[in-house]
>>> print(open('final-v2.cif').read())   # mmCIF, C-alpha atoms and all ligand atoms
data_structure
#
loop_
_atom_site.label_atom_id
_atom_site.label_comp_id
_atom_site.auth_asym_id
_atom_site.auth_seq_id
_atom_site.Cartn_x
_atom_site.Cartn_y
_atom_site.Cartn_z
CA MET A 4 0.00 0.00 0.00
CA ILE A 5 2.85 2.38 0.95
CA ARG A 6 4.54 1.42 -2.33
CA ASN A 7 1.38 2.39 -4.30
CA PHE A 8 1.17 5.62 -2.37
CA LEU A 9 4.79 6.48 -3.24
CA ILE A 10 4.23 5.58 -6.90
CA GLY A 11 1.16 7.84 -6.81
CA ILE A 12 3.22 10.75 -5.46
CA PHE A 13 5.90 10.14 -8.12
CA ILE A 14 3.31 10.16 -10.97
CA PHE A 15 1.66 13.26 -9.53
CA SER A 16 5.03 15.08 -9.35
CA LEU A 17 5.86 14.00 -12.90
CA ASN A 18 2.50 15.30 -14.15
CA SER A 19 3.02 18.57 -12.31
CA MET A 20 6.46 18.94 -13.90
CA THR A 21 5.06 18.23 -17.37
CA PHE A 22 2.20 20.63 -16.73
CA ALA A 23 4.63 23.35 -15.57
CA GLN A 24 6.70 22.88 -18.73
CA GLU A 25 3.62 23.10 -20.98
CA GLU A 26 2.50 26.24 -19.23
CA LYS A 27 5.35 28.33 -20.61
CA TYR A 28 4.72 30.51 -23.63
CA THR A 29 6.99 29.60 -26.52
CA MET A 30 8.36 31.42 -29.56
CA PRO A 31 6.21 31.02 -32.68
CA GLU A 32 8.04 29.25 -35.47
CA LEU A 33 8.96 31.56 -38.36
CA LYS A 34 7.46 30.40 -41.67
CA TYR A 35 10.54 31.72 -43.55
CA LYS A 36 14.29 32.21 -43.08
CA PHE A 37 15.83 35.38 -41.68
CA ASP A 38 17.09 36.47 -45.14
CA ALA A 39 13.85 35.59 -46.97
CA LEU A 40 12.33 39.10 -46.73
CA GLU A 41 15.36 40.85 -48.23
CA PRO A 42 15.82 43.46 -49.59
CA HIS A 43 12.79 44.92 -47.78
CA ILE A 44 13.83 43.63 -44.35
CA ASP A 45 17.47 42.57 -44.03
CA ALA A 46 18.55 39.25 -42.50
CA LYS A 47 20.45 40.79 -39.58
CA THR A 48 17.48 42.91 -38.52
CA MET A 49 15.19 39.89 -38.73
CA GLU A 50 17.58 37.74 -36.71
CA ILE A 51 18.06 40.30 -33.92
CA HIS A 52 14.41 41.29 -33.92
CA TYR A 53 13.16 37.71 -33.60
CA SER A 54 15.92 36.04 -31.55
CA LYS A 55 16.75 38.91 -29.18
CA HIS A 56 13.92 41.43 -28.93
CA HIS A 57 10.93 39.10 -29.23
CA LYS A 58 12.68 36.38 -27.20
CA ALA A 59 13.33 38.86 -24.37
CA TYR A 60 9.62 39.78 -24.22
CA LEU A 61 8.71 36.11 -24.16
CA ASP A 62 11.19 35.23 -21.40
CA ASN A 63 10.12 38.18 -19.29
CA LEU A 64 6.45 37.29 -19.78
CA ASN A 65 7.11 33.76 -18.52
CA LYS A 66 9.21 35.12 -15.64
CA SER A 67 6.54 37.62 -14.65
CA GLY A 68 3.98 34.85 -14.20
CA GLY A 69 1.93 35.83 -17.26
CA ASN A 70 2.07 32.19 -18.36
CA THR A 71 0.33 30.93 -15.26
CA ILE A 72 -2.57 33.38 -15.11
CA LEU A 73 -4.72 32.06 -17.93
CA GLY A 74 -2.69 29.24 -19.43
CA ALA A 75 0.05 29.63 -22.02
CA THR A 76 -2.06 29.01 -25.11
CA ALA A 77 -2.95 31.31 -28.01
CA ALA A 78 -6.45 31.76 -26.55
CA GLY A 79 -4.89 32.29 -23.12
CA LEU A 80 -2.64 35.01 -24.55
CA GLU A 81 -5.64 36.80 -26.11
CA ASP A 82 -7.49 36.62 -22.78
CA LEU A 83 -4.38 37.88 -21.02
CA MET A 84 -4.27 40.87 -23.40
CA PHE A 85 -7.99 41.46 -22.80
CA ALA A 86 -7.39 41.55 -19.04
CA VAL A 87 -4.48 44.03 -19.26
CA ASP A 88 -5.15 47.48 -17.90
CA GLY A 89 -2.87 50.38 -17.03
CA LYS A 90 -1.81 48.73 -13.75
CA ASN A 91 -0.14 45.60 -15.15
CA ALA A 92 3.15 47.09 -16.39
CA SER A 93 5.09 43.83 -16.83
CA ILE A 94 2.29 41.85 -18.47
CA ARG A 95 1.35 44.91 -20.53
CA ASN A 96 4.88 45.35 -21.92
CA ASN A 97 6.08 41.75 -22.18
CA GLY A 98 2.74 40.10 -22.97
CA GLY A 99 2.11 42.86 -25.51
CA GLY A 100 5.60 42.34 -26.93
CA HIS A 101 4.96 38.61 -27.37
CA TYR A 102 1.45 38.99 -28.81
CA ASN A 103 2.34 41.86 -31.16
CA HIS A 104 5.45 40.26 -32.62
CA SER A 105 3.73 36.88 -33.06
CA LEU A 106 1.08 38.59 -35.17
CA PHE A 107 3.72 40.58 -37.07
CA TRP A 108 5.78 37.53 -38.15
CA ASP A 109 2.61 35.82 -39.25
CA ILE A 110 1.44 38.50 -41.69
CA LEU A 111 4.85 38.76 -43.40
CA SER A 112 5.88 36.47 -46.24
CA PRO A 113 8.58 36.25 -48.92
CA THR A 114 5.83 35.23 -51.36
CA PRO A 115 2.93 37.40 -50.25
CA GLN A 116 -0.50 37.73 -51.81
CA LYS A 117 -0.27 41.39 -52.76
CA MET A 118 -3.97 42.26 -52.78
CA ALA A 119 -6.75 41.48 -50.32
CA ASP A 120 -9.58 39.35 -51.65
CA GLY A 121 -12.92 37.99 -50.45
CA LYS A 122 -14.71 39.64 -47.52
CA LEU A 123 -11.68 41.72 -46.57
CA GLU A 124 -11.42 43.23 -50.05
CA VAL A 125 -15.10 44.24 -49.89
CA ALA A 126 -14.69 45.74 -46.40
CA ILE A 127 -11.59 47.72 -47.46
CA LYS A 128 -13.33 49.09 -50.56
CA ASN A 129 -16.43 50.04 -48.56
CA GLN A 130 -14.51 51.85 -45.88
CA PHE A 131 -11.28 53.07 -47.45
CA VAL A 132 -12.16 53.08 -51.20
CA SER A 133 -8.98 51.18 -52.06
CA GLN A 134 -6.16 49.16 -50.50
CA ASP A 135 -3.76 51.92 -51.58
CA SER A 136 -5.59 54.56 -49.59
CA LEU A 137 -5.74 52.22 -46.57
CA ILE A 138 -1.95 51.77 -46.79
CA LYS A 139 -1.42 55.54 -47.08
CA LEU A 140 -3.49 56.09 -43.93
CA MET A 141 -1.60 53.37 -42.03
CA ASN A 142 1.75 54.83 -43.09
CA ALA A 143 0.64 58.30 -41.99
CA GLU A 144 -0.33 56.88 -38.56
CA GLY A 145 3.00 55.05 -38.36
CA LEU A 146 4.91 58.25 -39.11
CA LYS A 147 2.92 60.21 -36.54
CA ARG A 148 3.70 57.75 -33.75
CA PHE A 149 6.22 59.54 -31.55
CA GLY A 150 8.93 57.19 -30.26
CA SER A 151 8.19 53.48 -30.34
CA GLY A 152 4.94 51.73 -31.11
CA TRP A 153 2.69 50.01 -33.59
CA VAL A 154 0.14 50.84 -36.25
CA TRP A 155 -2.84 48.50 -36.53
CA LEU A 156 -5.71 47.54 -38.77
CA VAL A 157 -8.42 46.56 -36.31
CA VAL A 158 -11.85 44.91 -36.40
CA THR A 159 -14.09 46.88 -34.03
CA PRO A 160 -16.98 45.45 -31.96
CA PHE A 161 -19.28 46.96 -34.64
CA LYS A 162 -17.48 44.65 -37.11
CA THR A 163 -16.04 47.60 -39.00
CA LEU A 164 -12.38 48.20 -39.78
CA THR A 165 -10.38 50.99 -38.22
CA ILE A 166 -6.76 52.14 -38.13
CA ILE A 167 -5.15 52.98 -34.83
CA SER A 168 -1.66 53.43 -33.44
CA THR A 169 -0.48 52.51 -29.94
CA PRO A 170 2.72 53.38 -28.06
CA ASN A 171 5.35 50.90 -26.84
CA GLN A 172 3.99 47.32 -26.79
CA ASP A 173 0.35 48.24 -26.18
CA ASN A 174 -2.26 46.78 -28.51
CA PRO A 175 -5.96 47.30 -29.27
CA ILE A 176 -7.17 44.32 -27.24
CA MET A 177 -5.99 45.94 -24.00
CA ASP A 178 -8.27 47.96 -21.75
CA LEU A 179 -6.39 51.26 -21.87
CA ASP A 180 -7.80 54.74 -21.54
CA ASP A 181 -7.17 56.20 -24.97
CA VAL A 182 -7.29 53.02 -27.05
CA LYS A 183 -10.25 52.15 -29.27
CA ARG A 184 -10.58 48.46 -28.54
CA GLY A 185 -10.92 45.72 -31.12
CA ILE A 186 -9.07 42.76 -32.61
CA PRO A 187 -5.96 43.57 -34.68
CA VAL A 188 -5.72 41.73 -38.01
CA LEU A 189 -2.56 43.47 -39.23
CA GLY A 190 0.13 45.21 -37.21
CA ILE A 191 3.24 47.07 -38.34
CA ASP A 192 6.09 47.44 -35.87
CA VAL A 193 7.42 51.02 -35.93
CA TRP A 194 10.05 50.57 -33.22
CA GLU A 195 13.50 51.57 -34.49
CA HIS A 196 14.72 48.02 -33.83
CA ALA A 197 12.44 46.92 -36.71
CA TYR A 198 14.25 48.96 -39.35
CA TYR A 199 17.29 50.91 -38.07
CA LEU A 200 20.11 48.73 -39.51
CA ASN A 201 18.82 49.04 -43.05
CA TYR A 202 16.85 52.29 -43.05
CA GLN A 203 18.53 54.20 -40.16
CA ASN A 204 16.19 57.06 -39.22
CA LYS A 205 14.07 56.81 -42.38
CA ARG A 206 10.91 55.29 -40.94
CA GLY A 207 8.97 56.50 -43.98
CA GLU A 208 11.15 54.40 -46.32
CA TYR A 209 10.69 51.34 -44.15
CA LEU A 210 6.93 51.86 -44.10
CA LYS A 211 6.85 52.26 -47.88
CA ASN A 212 8.81 49.04 -48.44
CA ILE A 213 7.31 46.76 -45.85
CA TRP A 214 4.09 46.42 -47.85
CA ASN A 215 6.11 44.37 -50.39
CA VAL A 216 6.17 41.54 -47.85
CA VAL A 217 2.74 41.86 -46.23
CA ASP A 218 0.67 38.79 -47.06
CA TRP A 219 -2.95 39.87 -47.57
CA ALA A 220 -4.05 36.23 -47.66
CA GLN A 221 -3.02 35.93 -43.99
CA VAL A 222 -4.57 39.31 -43.15
CA GLY A 223 -7.80 38.07 -44.78
CA LYS A 224 -7.72 34.91 -42.62
CA ASN A 225 -7.18 37.04 -39.51
CA TYR A 226 -10.09 39.28 -40.56
CA GLU A 227 -12.53 36.39 -40.96
CA ALA A 228 -11.39 34.83 -37.67
CA ALA A 229 -11.82 38.19 -35.85
CA LEU A 230 -15.38 38.61 -37.14
CA GLN A 231 -16.31 35.24 -35.58
CA SER A 232 -14.23 35.61 -32.43
CA PRO A 233 -15.99 35.52 -29.03
CA LEU A 234 -13.37 38.06 -27.96
CA LEU A 235 -15.14 40.69 -30.07
CA LYS A 236 -18.29 40.28 -27.98
CA LYS A 237 -16.27 40.44 -24.78
CA ILE A 238 -14.76 43.74 -25.92
CA GLU A 239 -18.22 45.01 -26.84
CA LYS A 240 -19.52 44.11 -23.38
CA SER A 241 -16.48 45.68 -21.77
CA ASN A 242 -17.05 48.90 -23.76
CA TRP A 243 -20.57 49.09 -22.27
CA LYS A 244 -19.44 51.36 -19.44
CA SER A 245 -22.72 51.40 -17.47
CA PHE A 246 -22.76 47.61 -17.42
CA LYS A 247 -19.13 47.43 -16.37
CA GLU A 248 -19.66 49.94 -13.55
CA PHE A 249 -22.82 48.23 -12.30
CA ASN A 250 -21.15 44.84 -12.40
CA GLN A 251 -18.12 46.08 -10.48
CA LEU A 252 -20.15 47.58 -7.65
CA TYR A 253 -22.58 44.65 -7.60
CA SER A 254 -19.72 42.16 -7.14
CA GLN A 255 -18.03 44.34 -4.55
CA ILE A 256 -21.07 44.60 -2.26
CA THR A 257 -22.77 41.26 -2.81
CA LEU A 258 -19.78 39.01 -2.25
CA PRO A 259 -19.44 39.93 1.47
CA ALA A 260 -23.25 39.71 1.81
CA LYS A 261 -23.15 36.10 0.63
CA ALA A 262 -20.84 35.46 3.57
CA GLY A 263 -23.33 37.14 5.92
CA ASP A 264 -21.72 40.60 6.03
CA TYR A 265 -24.30 43.27 5.04
CA LYS A 266 -22.25 46.34 5.98
CA LEU A 267 -21.40 47.32 2.38
CA ILE A 268 -24.96 46.79 1.15
CA LYS A 269 -26.24 49.08 3.88
CA GLU A 270 -23.64 51.71 2.96
CA LYS A 271 -23.85 51.48 -0.81
CA SER A 272 -27.33 50.33 -1.82
CA ASP A 273 -28.22 53.89 -2.95
CA GLU A 274 -25.15 53.92 -5.19
CA LEU A 275 -26.14 50.52 -6.58
CA LEU A 276 -29.61 51.86 -7.36
CA THR A 277 -28.11 54.87 -9.20
CA LYS A 278 -25.92 52.53 -11.24
CA ALA A 279 -28.91 50.29 -12.05
CA GLU A 280 -30.90 53.33 -13.24
CA MET A 281 -27.98 54.46 -15.39
CA LEU A 282 -27.70 50.96 -16.83
CA GLU A 283 -31.39 50.92 -17.67
CA LYS A 284 -31.08 54.25 -19.52
CA SER A 285 -27.78 53.44 -21.25
CA ASN A 286 -27.22 52.72 -24.94
CA ILE A 287 -27.34 48.96 -25.19
CA PRO A 288 -24.68 47.55 -27.57
CA GLY A 289 -26.07 46.01 -30.76
CA SER A 290 -25.28 42.36 -29.96
CA PHE A 291 -27.21 42.43 -26.68
CA GLN A 292 -30.27 44.18 -27.97
CA ASN A 293 -33.23 41.86 -28.00
CA THR A 294 -36.81 42.14 -26.91
CA ASP A 295 -36.02 40.97 -23.36
CA ILE A 296 -33.09 43.11 -22.33
CA LYS A 297 -34.99 46.35 -21.73
CA SER A 298 -37.69 44.73 -19.61
CA VAL A 299 -35.12 42.74 -17.63
CA LEU A 300 -33.10 45.91 -16.90
CA LYS A 301 -36.33 47.62 -15.76
CA GLU A 302 -37.08 44.67 -13.47
CA LEU A 303 -33.52 44.90 -12.11
CA THR A 304 -34.00 48.56 -11.14
CA SER A 305 -37.27 47.67 -9.46
CA VAL A 306 -35.84 44.85 -7.29
CA ILE A 307 -32.83 46.99 -6.39
CA LYS A 308 -35.24 49.71 -5.22
CA ASP A 309 -36.72 47.15 -2.81
CA LEU A 310 -33.24 46.11 -1.69
CA HIS A 311 -32.32 49.76 -1.12
CA LYS A 312 -35.46 50.32 0.98
CA SER A 313 -34.72 47.32 3.16
CA ALA A 314 -31.05 48.28 3.52
CA SER A 315 -31.51 51.94 4.35
CA LYS A 316 -34.59 52.23 6.62
CA LYS A 317 -34.37 50.27 9.86
CA PRO A 318 -32.34 47.58 8.14
CA LYS A 319 -32.97 43.96 9.05
CA ASP A 320 -30.53 41.41 7.71
CA ALA A 321 -33.22 38.79 6.97
CA LYS A 322 -35.18 41.27 4.82
CA ILE A 323 -32.02 42.42 3.04
CA GLN A 324 -31.11 38.80 2.35
CA ALA A 325 -34.56 38.05 0.89
CA ASN A 326 -34.40 41.10 -1.39
CA LEU A 327 -30.85 40.31 -2.39
CA LEU A 328 -31.96 36.87 -3.56
CA LYS A 329 -34.57 38.53 -5.80
CA VAL A 330 -31.90 40.87 -7.21
CA GLU A 331 -29.62 37.90 -7.88
CA GLU A 332 -32.36 36.09 -9.74
CA VAL A 333 -33.02 39.05 -12.06
CA TYR A 334 -29.33 39.82 -12.57
CA LYS A 335 -28.83 36.21 -13.65
CA LYS A 336 -31.30 36.90 -16.48
CA VAL A 337 -29.26 39.97 -17.54
CA LEU A 338 -26.05 37.92 -17.55
CA GLU A 339 -27.72 35.19 -19.61
CA ILE A 340 -28.58 37.74 -22.31
CA VAL A 341 -25.16 39.42 -22.41
CA SER A 342 -23.29 36.10 -22.32
CA LYS A 343 -25.01 34.57 -25.35
FE FE B 1 9.69 44.85 -32.60
#
>>> encode(input="final-v2.cif", output="structure tokens")
Amino acid sequence: MIRNFLIGIFIFSLNSMTFAQEEKYTMPELKYKFDALEPHIDAKTMEIHYSKHHKAYLDNLNKSGGNTILGATAAGLEDLMFAVDGKNASIRNNGGGHYNHSLFWDILSPTPQKMADGKLEVAIKNQFVSQDSLIKLMNAEGLKRFGSGWVWLVVTPFKTLTIISTPNQDNPIMDLDDVKRGIPVLGIDVWEHAYYLNYQNKRGEYLKNIWNVVDWAQVGKNYEAALQSPLLKKIEKSNWKSFKEFNQLYSQITLPAKAGDYKLIKEKSDELLTKAEMLEKSNIPGSFQNTDIKSVLKELTSVIKDLHKSASKKPKDAKIQANLLKVEEVYKKVLEIVSK
């Protein structure tokens, strides 16, 4: 029996070790050799950019624990980017560095498809008239970026395309104050390390030439994947400020109440009611608009009014608890609609 127990511990340790190894983010394999993009991007730049700069972001991301938060998979990395806000400096810089460069290598090719086709071609023509004018706008954004950063073609939660630029290793998936959020389908690195050996300070020349190796077939694949991605809905929900604010306060005051502590509910039920009223009056994002949502939000305000009454005038815990259960029931209906 002791022998079986020891074998069990050994297998468990082995599994844990394997699991820990799998949890590390790894470098994406390049689909081409370092010299394959010449003369537009020289071999030395490619080698240093991939093996030193990108590798350093990756190593620092793994060291900073970014690999253990949501699992070191591609979907985990997207979720990690989605969760980044201004407070997570290490994950923001190193996770961003890993995500951004992985996308960058993927849209470059020594034998690129030069023009977009299919749904992406239609979207570009509808919004930018032509691929040429889209490229001109992206180059202008890239030139305007002061210091280091990226220029992106992004699918927005409204399923339109937009061009944005971000500083450092930020990207459009992150929850940052002045960033229009969406899913990037094409990103151009405008850090000096991406072009300095060949182009020195001439960022404009680099931007003009890089389009010779951008593979629009891959950008088209990214575009179609972004349109279907559940991440787009998550960003849309996250952009719904009134919902986000209500949800934050609701979680903050109801979690202690579930453990029998009603202090916060008594203190903040009026604030919760204000947030519920604001949510009811807010502009509901397109994906969540259906015949039920408005009536459910109205019902939510009504049950929170009852909760507020019981929590503010001669409060009795049993009454608060009963009203809180009613609020929970209605809020569940809201979450069901916005999670579909
Ligand atoms: Fe870079």
>>> residues_near_ligand(input="final-v2.cif", ligand="ligand FE 1 (chain B)", cutoff="7 Å", atoms="all atoms listed in the file", output="list in words")
His52, His56, His57, His104, Asp192, Trp194, His196 and Ala197 of chain A
>>> write_last_selection(input="final-v2.cif", atoms="C-alpha atoms", output="mmCIF file, in the coordinates of the input")
data_model
loop_
_atom_site.group_PDB
_atom_site.id
_atom_site.type_symbol
_atom_site.label_atom_id
_atom_site.label_comp_id
_atom_site.auth_asym_id
_atom_site.auth_seq_id
_atom_site.Cartn_x
_atom_site.Cartn_y
_atom_site.Cartn_z
ATOM 1 C CA HIS A 52 14.410 41.290 -33.920
ATOM 2 C CA HIS A 56 13.920 41.430 -28.930
ATOM 3 C CA HIS A 57 10.930 39.100 -29.230
ATOM 4 C CA HIS A 104 5.450 40.260 -32.620
ATOM 5 C CA ASP A 192 6.090 47.440 -35.870
ATOM 6 C CA TRP A 194 10.050 50.570 -33.220
ATOM 7 C CA HIS A 196 14.720 48.020 -33.830
ATOM 8 C CA ALA A 197 12.440 46.920 -36.710
#
>>> closest_residue(input="final-v2.cif", among="A:His101, A:Lys162, A:Lys47, A:Arg206", to="Glu144 in chain A", atoms="all atoms listed in the file")
A:Arg206
>>> residues_around(input="final-v2.cif", residues="Ala229 in chain A", least_positions_apart="6", cutoff="10 Å", atoms="all atoms listed in the file", output="list in words")
Val157, Val158, Thr159, Pro160, Lys162, Gly185, Ile186, Pro187, Val188, Gly223 and Leu235 of chain A
>>> atom_distance(input="final-v2.cif", atom1="CA of Lys343 in chain A", atom2="CA of Gly121 in chain A")
28.1 Å
>>> atom_distance(input="final-v2.cif", atom1="CA of Arg184 in chain A", atom2="CA of Asp62 in chain A")
26.5 Å
>>> closest_residue(input="final-v2.cif", among="A:Ala119, A:Leu282, A:Ile110, A:Ala262", to="Glu248 in chain A", atoms="all atoms listed in the file")
A:Leu282
>>> atom_distance(input="final-v2.cif", atom1="CA of Val299 in chain A", atom2="CA of Asn250 in chain A")
15.1 Å
>>> residues_around(input="final-v2.cif", residues="Gln292 in chain A", least_positions_apart="5", cutoff="12 Å", atoms="all atoms listed in the file", output="VMD selection string")
chain A and resid 240 285 to 287 297 to 300 337 340 to 341 343
>>> residues_around(input="final-v2.cif", residues="Lys319 in chain A", least_positions_apart="6", cutoff="12 Å", atoms="only C-alpha atoms", output="list in words")
Tyr265, Lys266, Ile268, Lys269, Leu310, His311, Lys312, Ser313, Ala325 and Asn326 of chain A
>>> closest_residue(input="final-v2.cif", among="A:Trp108, A:Leu164, A:Ser254, A:Glu227", to="Asn129 in chain A", atoms="only C-alpha atoms")
A:Leu164
>>> residues_around(input="final-v2.cif", residues="Glu32 in chain A", least_positions_apart="2", cutoff="10 Å", atoms="all atoms listed in the file", output="list of chain:residue names")
A:Thr29, A:Met30, A:Lys34, A:Tyr35, A:Ser105, A:Trp108, A:Asp109
>>> closest_residue(input="final-v2.cif", among="A:Glu195, A:Asp218, A:Asp273, A:Asp173", to="Lys117 in chain A", atoms="all atoms listed in the file")
A:Asp218
>>> residues_around(input="final-v2.cif", residues="Ile213 in chain A", least_positions_apart="3", cutoff="8 Å", atoms="only C-alpha atoms", output="list of chain:residue names")
A:His43, A:Ile44, A:Tyr209, A:Leu210, A:Val216, A:Val217
>>> residues_near_point(input="final-v2.cif", point="(5.1, 41.6, -15.4)", cutoff="9 Å", atoms="only C-alpha atoms", output="PDB file with C-alpha atoms, keeping the file's coordinate frame")
ATOM      1  CA  ASN A  63      10.120  38.180 -19.290  1.00  0.00           C
ATOM      2  CA  LEU A  64       6.450  37.290 -19.780  1.00  0.00           C
ATOM      3  CA  ASN A  65       7.110  33.760 -18.520  1.00  0.00           C
ATOM      4  CA  LYS A  66       9.210  35.120 -15.640  1.00  0.00           C
ATOM      5  CA  SER A  67       6.540  37.620 -14.650  1.00  0.00           C
ATOM      6  CA  GLY A  68       3.980  34.850 -14.200  1.00  0.00           C
ATOM      7  CA  GLY A  69       1.930  35.830 -17.260  1.00  0.00           C
ATOM      8  CA  ASN A  91      -0.140  45.600 -15.150  1.00  0.00           C
ATOM      9  CA  ALA A  92       3.150  47.090 -16.390  1.00  0.00           C
ATOM     10  CA  SER A  93       5.090  43.830 -16.830  1.00  0.00           C
ATOM     11  CA  ILE A  94       2.290  41.850 -18.470  1.00  0.00           C
ATOM     12  CA  ARG A  95       1.350  44.910 -20.530  1.00  0.00           C
ATOM     13  CA  ASN A  96       4.880  45.350 -21.920  1.00  0.00           C
ATOM     14  CA  ASN A  97       6.080  41.750 -22.180  1.00  0.00           C
ATOM     15  CA  GLY A  98       2.740  40.100 -22.970  1.00  0.00           C
TER      16      GLY A  98
END
>>> closest_residue(input="final-v2.cif", among="A:Trp153, A:Phe249, A:Tyr199, A:Tyr60", to="Pro175 in chain A", atoms="all atoms listed in the file")
A:Trp153
>>> closest_residue(input="final-v2.cif", among="A:Ala59, A:Phe85, A:Lys122, A:Ser272", to="Ala228 in chain A", atoms="all atoms listed in the file")
A:Lys122
